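Source file: data.txt. Holds: compact mmCIF, C-alpha atoms and all ligand atoms.
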```txt
# COMPACT_ATOMS: atom_id res chain seq x y z
CA MET A 1 90.84 89.25 107.43
CA ASN A 2 91.33 85.55 108.12
CA LYS A 3 90.07 83.26 110.89
CA TYR A 4 93.26 83.47 112.98
CA ASP A 5 93.59 85.66 116.04
CA TYR A 6 96.76 87.52 115.08
CA ILE A 7 98.46 90.81 115.89
CA ILE A 8 100.09 93.12 113.36
CA ARG A 9 102.79 95.15 115.07
CA ARG A 10 106.17 96.83 114.52
CA GLU A 11 109.21 94.58 114.59
CA THR A 12 111.31 95.00 117.76
CA GLU A 13 114.92 94.09 118.43
CA ASN A 14 113.74 90.98 120.30
CA ASP A 15 112.20 89.70 117.06
CA TYR A 16 115.28 90.11 114.89
CA ARG A 17 116.58 86.52 114.86
CA GLU A 18 113.08 85.04 114.70
CA THR A 19 112.24 87.26 111.72
CA GLU A 20 115.49 86.32 110.00
CA ASN A 21 114.72 82.65 110.57
CA LEU A 22 111.21 82.95 109.16
CA THR A 23 112.62 84.80 106.16
CA ARG A 24 115.10 81.96 105.64
CA GLU A 25 112.32 79.36 105.91
CA ALA A 26 110.11 81.22 103.44
CA PHE A 27 112.81 81.81 100.81
CA TRP A 28 114.88 78.65 101.17
CA ASN A 29 115.43 77.08 97.71
CA LEU A 30 112.63 79.25 96.32
CA ASN A 31 114.58 81.31 93.79
CA THR A 32 118.04 79.72 93.95
CA PRO A 33 119.55 76.85 95.98
CA GLY A 34 119.55 78.11 99.59
CA CYS A 35 118.76 81.82 99.90
CA PHE A 36 120.23 85.17 100.93
CA GLU A 37 117.10 87.00 102.07
CA HIS A 38 117.67 86.39 105.80
CA TYR A 39 121.05 88.13 105.44
CA PHE A 40 119.34 90.90 103.46
CA VAL A 41 116.89 91.49 106.33
CA HIS A 42 119.80 91.47 108.78
CA ILE A 43 121.84 94.15 106.99
CA MET A 44 118.89 96.21 105.83
CA ARG A 45 117.94 97.36 109.31
CA SER A 46 121.11 99.43 109.63
CA HIS A 47 121.06 100.93 106.12
CA ARG A 48 120.28 104.64 105.69
CA ASP A 49 117.40 103.88 103.27
CA PHE A 50 115.63 101.47 105.62
CA ILE A 51 112.27 102.75 106.91
CA PRO A 52 111.79 101.39 110.47
CA GLU A 53 108.26 102.83 110.65
CA LEU A 54 107.23 100.36 107.93
CA ASP A 55 108.93 97.29 109.40
CA TYR A 56 106.00 95.13 110.51
CA VAL A 57 105.48 91.57 111.68
CA ILE A 58 102.48 89.36 112.28
CA GLU A 59 102.46 87.60 115.62
CA LEU A 60 100.29 84.54 116.12
CA ASP A 61 100.22 82.64 119.43
CA GLY A 62 103.41 84.41 120.51
CA LYS A 63 105.26 83.44 117.31
CA VAL A 64 106.39 85.77 114.52
CA ILE A 65 104.97 84.24 111.34
CA ALA A 66 105.27 87.04 108.76
CA ASN A 67 107.30 90.16 108.06
CA VAL A 68 107.50 93.01 105.59
CA MET A 69 110.14 95.71 105.20
CA TYR A 70 110.54 98.78 103.01
CA CYS A 71 113.36 101.07 101.86
CA ARG A 72 113.53 104.49 100.33
CA SER A 73 114.17 104.59 96.58
CA LYS A 74 113.69 107.05 93.71
CA LEU A 75 112.14 107.61 90.35
CA VAL A 76 113.96 110.03 88.04
CA ASP A 77 112.35 111.52 84.94
CA GLU A 78 114.07 112.42 81.65
CA GLN A 79 114.67 115.98 82.86
CA GLY A 80 116.40 114.68 85.99
CA ASN A 81 113.54 115.48 88.37
CA GLU A 82 113.47 113.07 91.28
CA LYS A 83 110.52 111.57 93.08
CA ASN A 84 110.96 109.82 96.44
CA ILE A 85 109.16 106.50 96.55
CA ILE A 86 109.37 103.27 98.55
CA THR A 87 110.47 99.79 97.60
CA MET A 88 108.75 96.89 99.32
CA GLY A 89 110.58 93.71 100.28
CA PRO A 90 111.29 91.23 101.52
CA LEU A 91 107.74 90.12 102.28
CA CYS A 92 107.46 86.64 103.70
CA VAL A 93 105.19 84.30 105.59
CA LEU A 94 106.28 81.07 107.31
CA PRO A 95 105.57 78.25 104.83
CA GLU A 96 102.93 76.53 106.98
CA TYR A 97 100.96 79.81 107.18
CA GLN A 98 101.15 80.79 103.51
CA ARG A 99 98.06 81.31 101.34
CA LYS A 100 95.86 82.10 104.36
CA GLY A 101 95.70 85.88 103.93
CA PHE A 102 98.64 86.95 106.13
CA GLY A 103 100.69 88.45 103.29
CA LYS A 104 97.65 90.38 102.15
CA ALA A 105 96.97 91.65 105.68
CA LEU A 106 100.57 92.88 106.11
CA LEU A 107 100.62 94.67 102.77
CA GLU A 108 97.27 96.37 103.27
CA HIS A 109 98.25 97.47 106.79
CA THR A 110 101.59 98.92 105.75
CA PHE A 111 100.28 100.55 102.56
CA LYS A 112 97.93 102.64 104.73
CA ILE A 113 100.80 103.68 107.00
CA ALA A 114 103.03 104.48 104.02
CA GLU A 115 100.29 106.65 102.55
CA SER A 116 99.80 108.46 105.85
CA LYS A 117 103.53 109.28 105.80
CA GLY A 118 103.16 110.94 102.40
CA PHE A 119 104.44 108.17 100.14
CA ASP A 120 102.34 107.74 97.03
CA VAL A 121 104.14 105.04 95.04
CA VAL A 122 105.43 101.62 96.05
CA ILE A 123 107.48 99.41 93.81
CA ASN A 124 109.08 95.99 93.93
CA PHE A 125 110.52 93.17 91.89
CA GLY A 126 108.54 90.00 92.34
CA ASN A 127 106.32 87.32 90.96
CA PRO A 128 103.27 89.19 89.63
CA ASP A 129 100.98 86.38 90.87
CA ASN A 130 101.67 87.53 94.43
CA TYR A 131 100.93 91.21 93.83
CA VAL A 132 98.37 91.94 91.11
CA SER A 133 95.52 91.33 93.55
CA ARG A 134 96.98 94.07 95.79
CA GLY A 135 96.65 96.64 92.99
CA TYR A 136 100.17 96.40 91.59
CA ARG A 137 100.44 96.80 87.83
CA SER A 138 103.19 96.21 85.33
CA CYS A 139 105.82 98.96 85.34
CA ARG A 140 105.07 99.36 81.63
CA LYS A 141 101.56 100.60 82.42
CA TYR A 142 103.07 103.48 84.42
CA ASN A 143 106.01 104.05 82.04
CA VAL A 144 108.48 103.20 84.82
CA CYS A 145 111.59 101.59 83.37
CA PHE A 146 114.78 100.09 84.71
CA GLY A 147 118.39 100.50 83.60
CA GLU A 148 120.26 103.15 81.64
CA GLY A 149 119.77 104.69 78.17
CA GLU A 150 116.31 103.88 76.85
CA GLY A 151 115.76 101.57 79.81
CA PHE A 152 113.55 98.49 79.68
CA PHE A 153 110.43 97.17 81.37
CA PRO A 154 111.15 94.00 83.41
CA ALA A 155 108.13 91.71 83.73
CA ALA A 156 108.86 91.43 87.45
CA LEU A 157 109.02 95.19 88.07
CA LEU A 158 105.68 95.97 89.68
CA VAL A 159 104.31 99.37 90.56
CA LYS A 160 101.43 100.46 92.76
CA GLU A 161 100.05 103.94 93.19
CA LEU A 162 99.09 104.51 96.82
CA LYS A 163 97.47 107.73 95.62
CA GLU A 164 95.69 107.58 92.29
CA GLY A 165 97.38 109.72 89.65
CA ALA A 166 100.71 109.90 91.51
CA LEU A 167 102.41 108.89 88.29
CA ASP A 168 101.38 111.09 85.43
CA GLY A 169 102.45 109.05 82.40
CA ARG A 170 105.84 110.67 81.88
CA LYS A 171 108.76 108.27 81.56
CA TRP A 172 110.43 107.44 84.86
CA PHE A 173 113.66 105.57 85.57
CA TYR A 174 113.56 103.44 88.72
CA ARG A 175 116.61 104.01 90.94
CA PRO A 176 116.63 101.45 93.75
CA SER A 177 118.62 101.80 96.94
CA ASP A 178 122.00 100.03 97.09
CA VAL A 179 120.77 98.30 100.27
CA ASP A 180 121.08 94.79 98.79
CA THR A 181 124.63 95.17 97.42
CA PRO A 182 126.24 93.26 100.36
CA CYS A 183 124.08 90.25 99.44
CA ASP A 184 126.36 89.67 96.42
CA ASP A 185 129.05 88.61 98.90
CA GLU A 186 128.42 84.85 98.93
CA ALA A 187 130.97 84.22 101.69
CA ALA A 188 129.26 86.74 103.99
CA VAL A 189 125.86 85.16 103.27
CA ALA A 190 127.27 81.67 103.96
CA GLU A 191 128.89 82.82 107.19
CA PHE A 192 125.64 84.39 108.39
CA ASP A 193 123.72 81.26 107.40
CA ARG A 194 125.86 79.18 109.77
CA LEU A 195 124.09 80.91 112.68
CA PHE A 196 120.94 78.98 111.76
CA PRO A 197 120.08 75.26 111.91
CA PRO A 198 121.66 73.30 109.03
CA LYS A 199 119.46 73.09 105.95
CA GLU A 200 120.10 71.42 102.60
CA ALA A 201 120.33 73.65 99.56
CA GLY A 202 118.94 72.13 96.37
CA TRP A 203 116.93 72.57 93.23
CA GLN A 204 113.16 72.94 93.01
CA PRO A 205 110.92 73.95 90.08
CA SER A 206 110.19 77.44 91.49
CA GLN A 207 113.80 78.31 90.61
CA GLU A 208 112.99 77.94 86.90
CA GLU A 209 109.90 80.11 87.40
CA PHE A 210 112.11 82.71 89.08
CA TYR A 211 114.60 82.57 86.18
CA ILE A 212 111.81 83.15 83.68
CA HIS A 213 110.30 86.05 85.64
CA SER A 214 113.61 87.71 86.38
CA HIS A 215 114.88 87.52 82.78
CA SER A 216 111.70 88.69 81.07
CA ALA A 217 110.82 92.16 79.84
CA ILE A 218 107.62 93.60 78.40
CA THR A 219 108.28 94.93 74.93
CA TRP A 220 104.87 95.62 73.49
C1 LIG A 301 104.32 85.51 98.70
C2 LIG A 301 103.79 85.52 100.12
C3 LIG A 301 104.39 86.65 100.92
C4 LIG A 301 102.25 85.77 100.02
O1 LIG A 301 101.70 85.78 101.33
P1 LIG A 301 100.54 84.76 101.67
O2 LIG A 301 100.09 85.01 103.04
O3 LIG A 301 101.01 83.38 101.35
O4 LIG A 301 99.45 85.16 100.59
P2 LIG A 301 97.92 85.56 100.82
O5 LIG A 301 97.17 84.38 101.36
O6 LIG A 301 97.85 86.82 101.60
O7 LIG A 301 97.44 85.80 99.33
C5 LIG A 301 97.93 86.92 98.60
C6 LIG A 301 97.50 86.75 97.16
O8 LIG A 301 98.19 85.63 96.59
C7 LIG A 301 97.28 84.94 95.72
N1 LIG A 301 97.03 83.59 96.25
C8 LIG A 301 96.58 83.25 97.46
N2 LIG A 301 96.49 81.92 97.56
C9 LIG A 301 96.91 81.42 96.39
C10 LIG A 301 97.08 80.12 95.87
N3 LIG A 301 96.76 79.05 96.60
N4 LIG A 301 97.57 79.98 94.63
C11 LIG A 301 97.88 81.05 93.90
N5 LIG A 301 97.76 82.32 94.33
C12 LIG A 301 97.26 82.49 95.56
C13 LIG A 301 96.00 85.71 95.66
O9 LIG A 301 96.07 86.62 94.61
C14 LIG A 301 96.02 86.42 97.00
O10 LIG A 301 95.32 87.62 97.02
P3 LIG A 301 93.69 87.59 97.17
O11 LIG A 301 93.37 86.72 98.32
O12 LIG A 301 93.31 89.03 97.38
O13 LIG A 301 93.18 87.04 95.86
C15 LIG A 301 104.05 84.16 100.84
O14 LIG A 301 103.41 83.13 100.14
C16 LIG A 301 105.54 83.85 100.96
O15 LIG A 301 106.17 84.17 101.97
N6 LIG A 301 106.11 83.20 99.94
C17 LIG A 301 107.55 82.86 99.97
C18 LIG A 301 108.41 84.10 99.89
C19 LIG A 301 108.03 85.00 98.71
O16 LIG A 301 107.79 84.54 97.60
N7 LIG A 301 107.95 86.31 98.99
C20 LIG A 301 107.64 87.27 97.98
C21 LIG A 301 108.85 87.61 97.16
S1 LIG A 301 108.38 88.21 95.56
```

Entire entry expressed as structure tokens:
Amino acid sequence: MNKYDYIIRRETENDYRETENLTREAFWNLNTPGCFEHYFVHIMRSHRDFIPELDYVIELDGKVIANVMYCRSKLVDEQGNEKNIITMGPLCVLPEYQRKGFGKALLEHTFKIAESKGFDVVINFGNPDNYVSRGYRSCRKYNVCFGEGEGFFPAALLVKELKEGALDGRKWFYRPSDVDTPCDDEAAVAEFDRLFPPKEAGWQPSQEEFYIHSHSAITW
């Protein structure tokens, strides 16, 4: 809980552009010059794996300042057994409201709802600094790998059990939704971006941090 008088509520259609704008503000130049996450939010809402019941915003003084969304995804074990799980993201807070507890509040709120809907594992790629305090652990600790063949354990692949013991130590392969595939279309992202106020794309040190996190794997 923080000192602000805020409301956590479901996103509505009236919020869509405001949420996309806050996503753009939060991610701009963070991982790469510019960003695609506002387009991701835009297309995600109409994808079959999107979970509207877990699409939440924080409203403060009539303004949407934070958002989180989730999609359905799967874990598959070596025998081919599937387990339905959820993937979190994007999660974002308007820059001027970051590091004040809003991200934490949104995650804790939606984790409870996810659990009440029968989901027991949540997963996402991200900077571990943002998630370890919410109970996420390295995918390696739960034997959840990514890729084909033997698979590998990306440093940024983070796993949280919503129900203790949901993952029983057997090897799992993470199979994300294809929801973000359209984000590879740079022209579509650029076209969508033109709907927003002009903003300069450029380099900042967090992009190197992102490169390191997104190209690292845990091997021992
Ligand atoms: C990442 C983000 C969603 C976190 O939300 P937030 O409201 O800023 O973060 P919170 O204040 O709720 O803090 C969450 C955790 O971050 C860490 N944290 C908070 N303030 C911090 C600071 N100043 N420095 C380092 N870590 C800090 C803590 O672990 C904290 O948990 P705790 O309070 O239980 O210890 C938000 O900063 C954001 O939108 N960033 C840009 C977009 C982004 O990176 N999204 C995530 C993609 S992986």

Could you tell me, counting all atoms listed in the file, which protein and nucleic acid residues lie no more than 7 Å from ligand LIG 301 (chain A), written as number ranges by chain? A: 26-27, 90-95, 97-105, 125-127, 129-134

Give me, as a list in words, all polymer residues having an atom no more than 12 Å from Glu209 of chain A, counting all atoms listed in the file and skipping those fewer than 6 positions away in the same chain.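 Once the adjacent positions are removed, what remains is Leu30, Asn31, Thr32, Gly126, Asn127, Pro128, Asp129, Ala156, Trp203, His215 and Ser216 of chain A.
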
Let's have the selection written as a PDB file, in the coordinates of the input, with C-alpha atoms.
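Final output, saved to again.pdb:
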```pdb
ATOM      1  CA  LEU A  30     112.630  79.250  96.320  1.00  0.00           C
ATOM      2  CA  ASN A  31     114.580  81.310  93.790  1.00  0.00           C
ATOM      3  CA  THR A  32     118.040  79.720  93.950  1.00  0.00           C
ATOM      4  CA  GLY A 126     108.540  90.000  92.340  1.00  0.00           C
ATOM      5  CA  ASN A 127     106.320  87.320  90.960  1.00  0.00           C
ATOM      6  CA  PRO A 128     103.270  89.190  89.630  1.00  0.00           C
ATOM      7  CA  ASP A 129     100.980  86.380  90.870  1.00  0.00           C
ATOM      8  CA  ALA A 156     108.860  91.430  87.450  1.00  0.00           C
ATOM      9  CA  TRP A 203     116.930  72.570  93.230  1.00  0.00           C
ATOM     10  CA  HIS A 215     114.880  87.520  82.780  1.00  0.00           C
ATOM     11  CA  SER A 216     111.700  88.690  81.070  1.00  0.00           C
TER      12      SER A 216
END
```

Long-range neighbours of segment 179-182 of chain A as JSON, numbers by chain, 7 Å cut-off, all atoms listed in the file, 6 positions minimum in chain: {"A": [40, 44, 47]}

Counting only C-alpha atoms, what is within 10 Å of Phe192 of chain A, bar same-chain residues fewer than 4 positions away, as a list in words? Phe36, His38, Tyr39, His42, Glu186, Ala187, Ala188 and Phe196 of chain A

Long-range neighbours of Pro197 of chain A as a ChimeraX atom specification, 12 Å cut-off, all atoms listed in the file, 6 positions minimum in chain: /A:21,24-25

Just give me the gap between atom CA of Phe152 of chain A and atom CA of Ile218 of chain A in Å, one decimal is fine. 7.8 Å

Check the smallest atom-to-atom distance from each of A:Glu53, A:Lys141, A:Asn29, A:Ile58 to Asp5 of chain A using all atoms listed in the file, then report the winner.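 With all atoms listed in the file as the atom set, the closest residue is A:Ile58.
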
For a quick check of understanding, using only C-alpha atoms, which of A:Tyr16, A:Arg9, A:Glu115, A:Val41 has the smallest distance to Val189 of chain A?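 When distances to Val189 of chain A are compared using only C-alpha atoms, the smallest one comes from A:Val41.
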
Hey, can you check how far atom CA of Asp120 of chain A sits from atom CA of Leu162 of chain A? 4.6 Å

Looking at A:Ile51, A:Leu158, A:Ile86, A:Ala190, which one is nearest to His213 of chain A, with distances taken over all atoms listed in the file? A:Leu158

Pick from A:Thr87, A:Gln207, A:Asn81, A:Thr12 nearest to Val121 of chain A, counting all atoms listed in the file: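 Counting all atoms listed in the file, the residue closest to Val121 of chain A is A:Thr87.
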
Could you tell me how far atom CA of Gly135 of chain A sits from atom CA of Val159 of chain A, in Å to one decimal place?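 Atom CA of Gly135 of chain A lies 8.5 Å from atom CA of Val159 of chain A.
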
Generate the coordinates of N, CA and C atoms for segment 157-180 of chain A; report them as a PDB file, in the frame of the given file.
```pdb
ATOM      1  N   LEU A 157     109.008  93.876  87.421  1.00  0.00           N
ATOM      2  CA  LEU A 157     109.020  95.190  88.070  1.00  0.00           C
ATOM      3  C   LEU A 157     107.568  95.682  88.197  1.00  0.00           C
ATOM      4  N   LEU A 158     107.102  95.730  89.418  1.00  0.00           N
ATOM      5  CA  LEU A 158     105.680  95.970  89.680  1.00  0.00           C
ATOM      6  C   LEU A 158     105.509  97.286  90.427  1.00  0.00           C
ATOM      7  N   VAL A 159     104.502  98.018  90.032  1.00  0.00           N
ATOM      8  CA  VAL A 159     104.310  99.370  90.560  1.00  0.00           C
ATOM      9  C   VAL A 159     102.883  99.516  91.079  1.00  0.00           C
ATOM     10  N   LYS A 160     102.779 100.167  92.229  1.00  0.00           N
ATOM     11  CA  LYS A 160     101.430 100.460  92.760  1.00  0.00           C
ATOM     12  C   LYS A 160     101.352 101.922  93.164  1.00  0.00           C
ATOM     13  N   GLU A 161     100.310 102.576  92.717  1.00  0.00           N
ATOM     14  CA  GLU A 161     100.050 103.940  93.190  1.00  0.00           C
ATOM     15  C   GLU A 161      99.282 103.842  94.505  1.00  0.00           C
ATOM     16  N   LEU A 162      99.830 104.449  95.549  1.00  0.00           N
ATOM     17  CA  LEU A 162      99.090 104.510  96.820  1.00  0.00           C
ATOM     18  C   LEU A 162      98.078 105.645  96.732  1.00  0.00           C
ATOM     19  N   LYS A 163      98.395 106.610  95.856  1.00  0.00           N
ATOM     20  CA  LYS A 163      97.470 107.730  95.620  1.00  0.00           C
ATOM     21  C   LYS A 163      97.236 107.761  94.107  1.00  0.00           C
ATOM     22  N   GLU A 164      95.987 107.648  93.724  1.00  0.00           N
ATOM     23  CA  GLU A 164      95.690 107.580  92.290  1.00  0.00           C
ATOM     24  C   GLU A 164      96.218 108.814  91.564  1.00  0.00           C
ATOM     25  N   GLY A 165      96.871 108.611  90.447  1.00  0.00           N
ATOM     26  CA  GLY A 165      97.380 109.720  89.650  1.00  0.00           C
ATOM     27  C   GLY A 165      98.759 110.192  90.081  1.00  0.00           C
ATOM     28  N   ALA A 166      99.377 109.491  91.033  1.00  0.00           N
ATOM     29  CA  ALA A 166     100.710 109.900  91.510  1.00  0.00           C
ATOM     30  C   ALA A 166     101.731 109.862  90.375  1.00  0.00           C
ATOM     31  N   LEU A 167     101.527 108.957  89.459  1.00  0.00           N
ATOM     32  CA  LEU A 167     102.410 108.890  88.290  1.00  0.00           C
ATOM     33  C   LEU A 167     101.601 109.402  87.099  1.00  0.00           C
ATOM     34  N   ASP A 168     102.187 110.371  86.403  1.00  0.00           N
ATOM     35  CA  ASP A 168     101.380 111.090  85.430  1.00  0.00           C
ATOM     36  C   ASP A 168     101.633 110.688  83.986  1.00  0.00           C
ATOM     37  N   GLY A 169     102.256 109.531  83.769  1.00  0.00           N
ATOM     38  CA  GLY A 169     102.450 109.050  82.400  1.00  0.00           C
ATOM     39  C   GLY A 169     103.801 109.383  81.812  1.00  0.00           C
ATOM     40  N   ARG A 170     104.502 110.376  82.406  1.00  0.00           N
ATOM     41  CA  ARG A 170     105.840 110.670  81.880  1.00  0.00           C
ATOM     42  C   ARG A 170     106.764 109.481  82.155  1.00  0.00           C
ATOM     43  N   LYS A 171     107.862 109.408  81.377  1.00  0.00           N
ATOM     44  CA  LYS A 171     108.760 108.270  81.560  1.00  0.00           C
ATOM     45  C   LYS A 171     109.604 108.462  82.818  1.00  0.00           C
ATOM     46  N   TRP A 172     109.634 107.417  83.632  1.00  0.00           N
ATOM     47  CA  TRP A 172     110.430 107.440  84.860  1.00  0.00           C
ATOM     48  C   TRP A 172     111.469 106.330  84.811  1.00  0.00           C
ATOM     49  N   PHE A 173     112.628 106.587  85.383  1.00  0.00           N
ATOM     50  CA  PHE A 173     113.660 105.570  85.570  1.00  0.00           C
ATOM     51  C   PHE A 173     113.674 105.205  87.059  1.00  0.00           C
ATOM     52  N   TYR A 174     113.538 103.907  87.329  1.00  0.00           N
ATOM     53  CA  TYR A 174     113.560 103.440  88.720  1.00  0.00           C
ATOM     54  C   TYR A 174     115.001 103.372  89.201  1.00  0.00           C
ATOM     55  N   ARG A 175     115.265 104.026  90.340  1.00  0.00           N
ATOM     56  CA  ARG A 175     116.610 104.010  90.940  1.00  0.00           C
ATOM     57  C   ARG A 175     116.516 103.414  92.344  1.00  0.00           C
ATOM     58  N   PRO A 176     116.739 102.089  92.430  1.00  0.00           N
ATOM     59  CA  PRO A 176     116.630 101.450  93.750  1.00  0.00           C
ATOM     60  C   PRO A 176     117.753 101.861  94.678  1.00  0.00           C
ATOM     61  N   SER A 177     117.556 101.622  95.942  1.00  0.00           N
ATOM     62  CA  SER A 177     118.620 101.800  96.940  1.00  0.00           C
ATOM     63  C   SER A 177     119.718 100.757  96.672  1.00  0.00           C
ATOM     64  N   ASP A 178     120.916 101.037  97.194  1.00  0.00           N
ATOM     65  CA  ASP A 178     122.000 100.030  97.090  1.00  0.00           C
ATOM     66  C   ASP A 178     121.977  99.084  98.294  1.00  0.00           C
ATOM     67  N   VAL A 179     120.862  99.068  99.012  1.00  0.00           N
ATOM     68  CA  VAL A 179     120.770  98.300 100.270  1.00  0.00           C
ATOM     69  C   VAL A 179     121.121  96.822 100.108  1.00  0.00           C
ATOM     70  N   ASP A 180     120.849  96.238  98.924  1.00  0.00           N
ATOM     71  CA  ASP A 180     121.080  94.790  98.790  1.00  0.00           C
ATOM     72  C   ASP A 180     122.461  94.439  98.251  1.00  0.00           C
TER      73      ASP A 180
END
```
